[in-house]
>>> print(open('input-v5.cif').read())   # mmCIF, C-alpha atoms
data_structure
#
loop_
_atom_site.label_atom_id
_atom_site.label_comp_id
_atom_site.auth_asym_id
_atom_site.auth_seq_id
_atom_site.Cartn_x
_atom_site.Cartn_y
_atom_site.Cartn_z
CA MET A 1 -17.95 8.93 -6.15
CA GLY A 2 -15.81 7.98 -3.17
CA ILE A 3 -13.71 11.16 -3.42
CA VAL A 4 -12.77 12.91 -0.18
CA ILE A 5 -11.30 16.43 -0.05
CA GLN A 6 -9.39 17.28 3.12
CA ALA A 7 -7.80 20.58 4.16
CA MET A 8 -4.30 20.01 5.60
CA SER A 9 -2.83 22.00 8.49
CA ASP A 10 -0.31 23.69 6.18
CA GLY A 11 -3.01 25.04 3.86
CA ARG A 12 -2.73 22.39 1.15
CA VAL A 13 -5.74 20.37 -0.01
CA GLN A 14 -5.53 16.57 -0.21
CA ILE A 15 -7.84 14.63 -2.51
CA SER A 16 -8.25 10.89 -2.02
CA HIS A 17 -10.42 8.16 -3.53
CA THR A 18 -11.75 5.09 -1.73
CA MET A 19 -14.12 2.80 -3.63
CA GLN A 20 -16.16 1.66 -0.64
CA LEU A 21 -17.17 5.26 0.11
CA ALA A 22 -18.88 5.64 -3.28
CA ARG A 23 -22.67 5.50 -3.60
CA ASN A 24 -22.44 2.57 -6.03
CA GLN A 25 -19.99 0.76 -8.31
CA GLU A 26 -20.71 3.05 -11.30
CA ASP A 27 -20.03 6.19 -9.26
CA ALA A 28 -16.86 4.59 -7.88
CA GLU A 29 -15.56 4.02 -11.39
CA GLU A 30 -16.42 7.60 -12.37
CA GLY A 31 -14.49 8.76 -9.32
CA TRP A 32 -11.49 6.72 -10.39
CA TYR A 33 -11.50 8.31 -13.87
CA LEU A 34 -11.77 11.76 -12.34
CA MET A 35 -8.76 11.00 -10.12
CA GLN A 36 -6.79 10.06 -13.25
CA GLU A 37 -7.52 13.48 -14.72
CA ILE A 38 -6.51 15.20 -11.50
CA ILE A 39 -3.23 13.26 -11.40
CA LYS A 40 -2.49 14.16 -15.04
CA ALA A 41 -3.12 17.81 -14.27
CA MET A 42 -0.84 17.67 -11.21
CA ASP A 43 1.92 15.98 -13.19
CA ALA A 44 1.64 18.59 -15.91
CA GLN A 45 1.91 21.33 -13.31
CA ARG A 46 5.05 19.76 -11.85
CA ALA A 47 6.57 19.42 -15.32
CA MET A 48 6.12 23.15 -15.77
CA GLY A 49 7.77 23.86 -12.44
CA GLY A 50 4.71 23.80 -10.23
CA GLY A 51 4.90 22.94 -6.57
CA GLY A 52 4.25 19.66 -4.87
CA GLY A 53 4.53 18.20 -1.41
CA GLY A 54 6.27 15.06 -0.23
CA GLY A 55 3.50 12.71 -1.30
CA GLY A 56 2.61 13.49 -4.90
CA GLY A 57 2.98 11.59 -8.16
CA THR A 58 2.02 8.06 -9.14
CA ARG A 59 3.64 4.68 -8.70
CA GLU A 60 3.12 1.30 -10.32
CA ALA A 61 1.08 -1.52 -8.85
CA LYS A 62 2.65 -3.64 -6.11
CA GLN A 63 2.43 -7.20 -4.80
CA VAL A 64 3.11 -9.11 -1.62
CA TRP A 65 4.34 -12.67 -2.17
CA ILE A 66 3.95 -15.22 0.63
CA LEU A 67 7.17 -17.25 0.46
CA SER A 68 5.81 -20.58 1.63
CA PRO A 69 5.48 -23.86 -0.31
CA ASP A 70 2.29 -24.59 1.64
CA VAL A 71 0.42 -21.57 0.26
CA GLU A 72 -1.17 -21.98 -3.18
CA ASP A 73 -2.35 -18.42 -3.86
CA ASP A 74 0.90 -16.74 -2.90
CA LYS A 75 0.51 -13.34 -4.61
CA ILE A 76 -1.56 -10.50 -3.13
CA ALA A 77 -2.31 -7.25 -4.98
CA VAL A 78 -1.57 -4.21 -2.82
CA GLY A 79 -1.58 -0.44 -3.18
CA PRO A 80 1.66 1.56 -3.14
CA ALA A 81 2.92 4.33 -0.89
CA LEU A 82 3.73 7.67 -2.49
CA PHE A 83 6.55 8.16 0.02
CA GLY A 84 9.71 6.25 0.83
CA PRO A 85 11.62 4.12 -1.73
CA ASP A 86 9.59 2.83 -4.66
CA LEU A 87 9.23 -0.89 -5.25
CA GLY A 88 10.20 -1.19 -8.88
CA GLY A 89 11.16 1.30 -11.53
CA ASP A 90 14.77 1.60 -12.60
CA LYS A 91 16.12 0.34 -9.28
CA ASP A 92 13.82 -2.73 -9.21
CA TYR A 93 13.77 -2.35 -5.42
CA GLN A 94 12.28 -5.24 -3.49
CA VAL A 95 12.65 -6.75 -0.02
CA ALA A 96 11.97 -10.18 1.50
CA ALA A 97 11.97 -10.75 5.24
CA GLY A 98 10.25 -12.51 8.09
CA LEU A 99 6.80 -11.19 8.97
CA VAL A 100 5.85 -9.64 12.31
CA ILE A 101 2.11 -9.07 12.86
CA LEU A 102 0.91 -6.41 15.26
CA GLU A 103 -2.27 -6.92 17.25
CA GLU A 104 -5.37 -4.93 16.28
CA SER A 105 -4.91 -2.74 19.36
CA SER A 106 -1.38 -1.74 18.31
CA LYS A 107 -1.69 0.99 15.67
CA ALA A 108 2.02 1.99 15.66
CA CYS A 109 1.11 5.65 16.14
CA SER A 110 3.72 6.13 18.87
CA THR A 111 6.99 4.53 19.92
CA LEU A 112 6.72 0.74 19.66
CA PRO A 113 8.00 -1.63 22.39
CA GLY A 114 11.51 -2.91 21.76
CA ASP A 115 10.55 -6.54 22.45
CA LEU A 116 8.43 -6.88 19.27
CA GLY A 117 11.47 -8.02 17.32
CA LEU A 118 10.95 -5.75 14.30
CA SER A 119 14.62 -5.39 13.40
CA GLY A 120 15.24 -6.76 9.89
CA LYS A 121 11.57 -7.75 9.51
CA ILE A 122 8.49 -6.70 7.55
CA VAL A 123 5.68 -5.66 9.88
CA LEU A 124 1.90 -5.87 9.30
CA ILE A 125 0.22 -2.87 10.97
CA PRO A 126 -3.55 -2.25 11.27
CA ARG A 127 -4.88 0.96 9.72
CA GLY A 128 -6.28 3.74 11.87
CA GLY A 129 -5.30 6.11 14.64
CA CYS A 130 -2.79 8.20 12.69
CA LEU A 131 -1.39 8.86 9.22
CA PHE A 132 0.19 6.07 7.18
CA VAL A 133 3.54 7.84 7.18
CA GLN A 134 3.58 7.98 10.99
CA LYS A 135 3.11 4.20 11.24
CA VAL A 136 5.94 3.58 8.78
CA ARG A 137 8.16 6.04 10.63
CA GLU A 138 7.65 4.26 13.96
CA ALA A 139 8.35 0.85 12.39
CA GLN A 140 11.49 2.25 10.75
CA LYS A 141 12.73 3.52 14.13
CA MET A 142 12.56 -0.06 15.43
CA GLY A 143 14.61 -1.43 12.52
CA ALA A 144 11.85 -2.79 10.26
CA VAL A 145 12.82 -3.16 6.58
CA GLY A 146 9.28 -2.91 5.20
CA VAL A 147 5.69 -2.23 6.25
CA ILE A 148 2.31 -3.65 5.19
CA ILE A 149 -0.62 -1.53 6.38
CA GLU A 150 -3.83 -3.57 6.64
CA ASP A 151 -7.18 -1.89 6.00
CA ASN A 152 -9.60 -1.87 8.92
CA VAL A 153 -12.79 -2.08 6.82
CA LEU A 154 -13.99 -5.16 4.95
CA THR A 155 -14.75 -4.42 1.29
CA ASP A 156 -16.74 -6.15 -1.43
CA HIS A 157 -14.68 -5.11 -4.45
CA ASN A 158 -12.04 -7.16 -6.25
CA ALA A 159 -8.62 -6.97 -4.61
CA ASP A 160 -7.02 -6.87 -8.06
CA SER A 161 -8.48 -3.40 -8.58
CA LEU A 162 -6.83 -2.03 -5.42
CA PRO A 163 -3.57 -0.84 -7.01
CA GLN A 164 -5.58 1.20 -9.51
CA THR A 165 -7.81 2.82 -6.87
CA PHE A 166 -5.75 3.42 -3.73
CA SER A 167 -2.31 4.71 -2.86
CA MET A 168 -0.95 5.90 0.47
CA SER A 169 -0.15 9.60 0.47
CA GLY A 170 2.76 11.16 2.29
CA ASP A 171 3.16 14.73 3.48
CA THR A 172 5.81 17.42 3.63
CA THR A 173 7.53 15.61 6.53
CA SER A 174 7.85 12.18 4.88
CA GLY A 175 11.32 12.73 3.42
CA ASP A 176 12.89 10.76 6.27
CA ILE A 177 11.20 7.47 5.28
CA GLN A 178 13.83 5.02 4.02
CA ILE A 179 11.84 1.76 3.92
CA PRO A 180 9.08 0.66 1.49
CA SER A 181 5.45 0.24 2.50
CA VAL A 182 2.25 -1.02 0.86
CA PHE A 183 -1.50 -0.99 1.59
CA MET A 184 -3.42 -4.27 1.84
CA LEU A 185 -7.16 -5.02 1.94
CA ALA A 186 -8.57 -6.32 5.21
CA GLU A 187 -9.49 -9.67 3.64
CA ASP A 188 -5.91 -10.25 2.50
CA GLY A 189 -4.55 -9.11 5.84
CA ALA A 190 -6.74 -11.72 7.51
CA ARG A 191 -5.30 -14.33 5.14
CA LEU A 192 -1.77 -13.37 6.14
CA ARG A 193 -2.76 -13.68 9.78
CA ASP A 194 -4.21 -17.14 9.11
CA VAL A 195 -0.99 -18.24 7.40
CA ALA A 196 1.02 -17.07 10.40
CA ALA A 197 -1.37 -18.77 12.83
CA THR A 198 -1.09 -22.13 11.03
CA SER A 199 2.69 -22.04 10.51
CA TYR A 200 3.25 -24.20 13.62
CA GLY A 201 5.91 -21.90 15.01
CA GLU A 202 7.74 -21.55 11.71
CA GLU A 203 8.55 -18.00 10.65
CA VAL A 204 6.52 -16.68 7.72
CA PHE A 205 8.53 -14.85 5.05
CA VAL A 206 7.02 -12.37 2.59
CA LEU A 207 8.35 -10.43 -0.39
CA LEU A 208 7.36 -6.85 -1.17
CA THR A 209 7.77 -6.27 -4.88
CA TRP A 210 6.23 -4.54 -7.86
CA THR A 211 3.89 -5.92 -10.51
CA ARG A 212 5.79 -6.24 -13.76
CA LYS A 213 3.98 -5.31 -16.94
CA LYS A 214 3.06 -7.91 -19.51
CA GLY A 215 5.81 -8.67 -21.98
CA GLU A 216 8.67 -7.51 -19.77
CA GLU A 217 11.57 -9.89 -19.31
CA GLY A 218 10.99 -12.13 -16.31
CA GLY A 219 7.65 -10.45 -15.78
CA GLU A 220 4.41 -11.74 -14.33
CA GLU A 221 1.03 -11.87 -16.05
CA GLU A 222 -0.47 -9.03 -13.99
CA GLU A 223 -0.49 -5.50 -15.32
CA GLY A 224 1.42 -2.62 -13.76
CA GLU A 225 -1.11 0.19 -14.12
CA GLU A 226 -0.66 3.63 -12.62
CA GLU A 227 -2.41 4.39 -9.37
CA GLY A 228 -5.52 6.53 -9.40
CA GLY A 229 -6.18 7.53 -5.82
CA GLY A 230 -4.73 8.46 -2.52
CA GLY A 231 -5.30 8.12 1.17
CA SER A 232 -3.83 9.71 4.24
CA GLY A 233 -4.41 7.21 7.00
#
>>> encode(input="input-v5.cif", output="structure tokens")
Amino acid sequence: MGIVIQAMSDGRVQISHTMQLARNQEDAEEGWYLMQEIIKAMDAQRAMGGGGGGGGGTREAKQVWILSPDVEDDKIAVGPALFGPDLGGDKDYQVAAGLVILEESSKACSTLPGDLGLSGKIVLIPRGGCLFVQKVREAQKMGAVGVIIEDNVLTDHNADSLPQTFSMSGDTTSGDIQIPSVFMLAEDGARLRDVAATSYGEEVFVLLTWTRKKGEEGGEEEEGEEEGGGGSG
């Protein structure tokens, strides 16, 4: 069903769901429903005073907007991080900044070079090599104001379903993260790279925001469903 169970070094068990790991589409959907039940059970446990690490809970769907008049399809559905500040909710937190794209070989798993110019920028980082939270931590050290983590595997499912099937988990050490981050499909990451490559030297700006629910004031037409899965890196 695309569900992976992983034993953590501190004795906790992490359960994640990734659609492309499922045997077929039907099993993937069954896995998603099972994750919903697990999340409900976890939330009920917390409400009764149960424990929880630094990466639990659910968050609403997110979007990346490409702030360019030359781009027609300017909204990209992305998965949220379960650590760091939330994009949305009561605070309606969002951030727009110039985009810095790391090369495929740069995974941001250790201290990044100071000449990348990340200060005040949103950085696109390839997945792999280390946990999501470690990549965001390294970008934060260099002054980045937001992070987009790009998947390293091409998928064949609809990008609009991503926020309902994948969220980036934190851990017990992720309390130091002060900047927002989101998870983007490889196909959409490639599109961002294409936009940057054809900008003729002009800086590409993007907005990290949340997907407003239908009927909300100033809202978009997309739905803000709760996330059903998790991933560690």
>>> closest_residue(input="input-v5.cif", among="A:Ile66, A:Ile149, A:Leu185, A:Glu72", to="Ala97 of chain A", atoms="all atoms listed in the file")
A:Ile66
>>> atom_distance(input="input-v5.cif", atom1="atom CA of Val95 of chain A", atom2="atom CA of Gln36 of chain A")
28.9 Å
>>> closest_residue(input="input-v5.cif", among="A:Gly2, A:Gly114, A:Gly146, A:Gly84", to="Leu21 of chain A", atoms="only C-alpha atoms")
A:Gly2
>>> resolve_selection(input="input-v5.cif", expression="the PyMOL selection byres ((chain A and resi 117) around 12)", output="list in words")
Gly98, Leu99, Val100, Ile101, Leu102, Leu112, Pro113, Gly114, Asp115, Leu116, Leu118, Ser119, Gly120, Lys121, Ile122, Val123, Ala139, Met142, Gly143, Ala144 and Val145 of chain A
>>> atom_distance(input="input-v5.cif", atom1="atom CA of Pro85 of chain A", atom2="atom CA of Pro180 of chain A")
5.4 Å
>>> closest_residue(input="input-v5.cif", among="A:Val182, A:Ile39, A:Ala96, A:Leu208", to="Ile125 of chain A", atoms="all atoms listed in the file")
A:Val182
>>> atom_distance(input="input-v5.cif", atom1="atom CA of Ile15 of chain A", atom2="atom CA of Leu131 of chain A")
14.6 Å
>>> resolve_selection(input="input-v5.cif", expression="the PyMOL selection byres ((chain A and resi 183) around 8)", output="ChimeraX atom specification")
/A:78-81,148-151,167-168,181-182,184-185
>>> resolve_selection(input="input-v5.cif", expression="the PyMOL selection byres ((chain A and resi 86) around 10)", output="list in words")
Arg59, Glu60, Lys62, Pro80, Ala81, Leu82, Phe83, Gly84, Pro85, Leu87, Gly88, Gly89, Asp90, Lys91, Asp92, Tyr93, Gln94, Gln178, Ile179, Pro180, Ser181, Val182, Thr209 and Trp210 of chain A
>>> residues_around(input="input-v5.cif", residues="Val153 of chain A", least_positions_apart="5", cutoff="12 Å", atoms="all atoms listed in the file", output="number ranges by chain")
A: 18-21, 126-128, 184-190
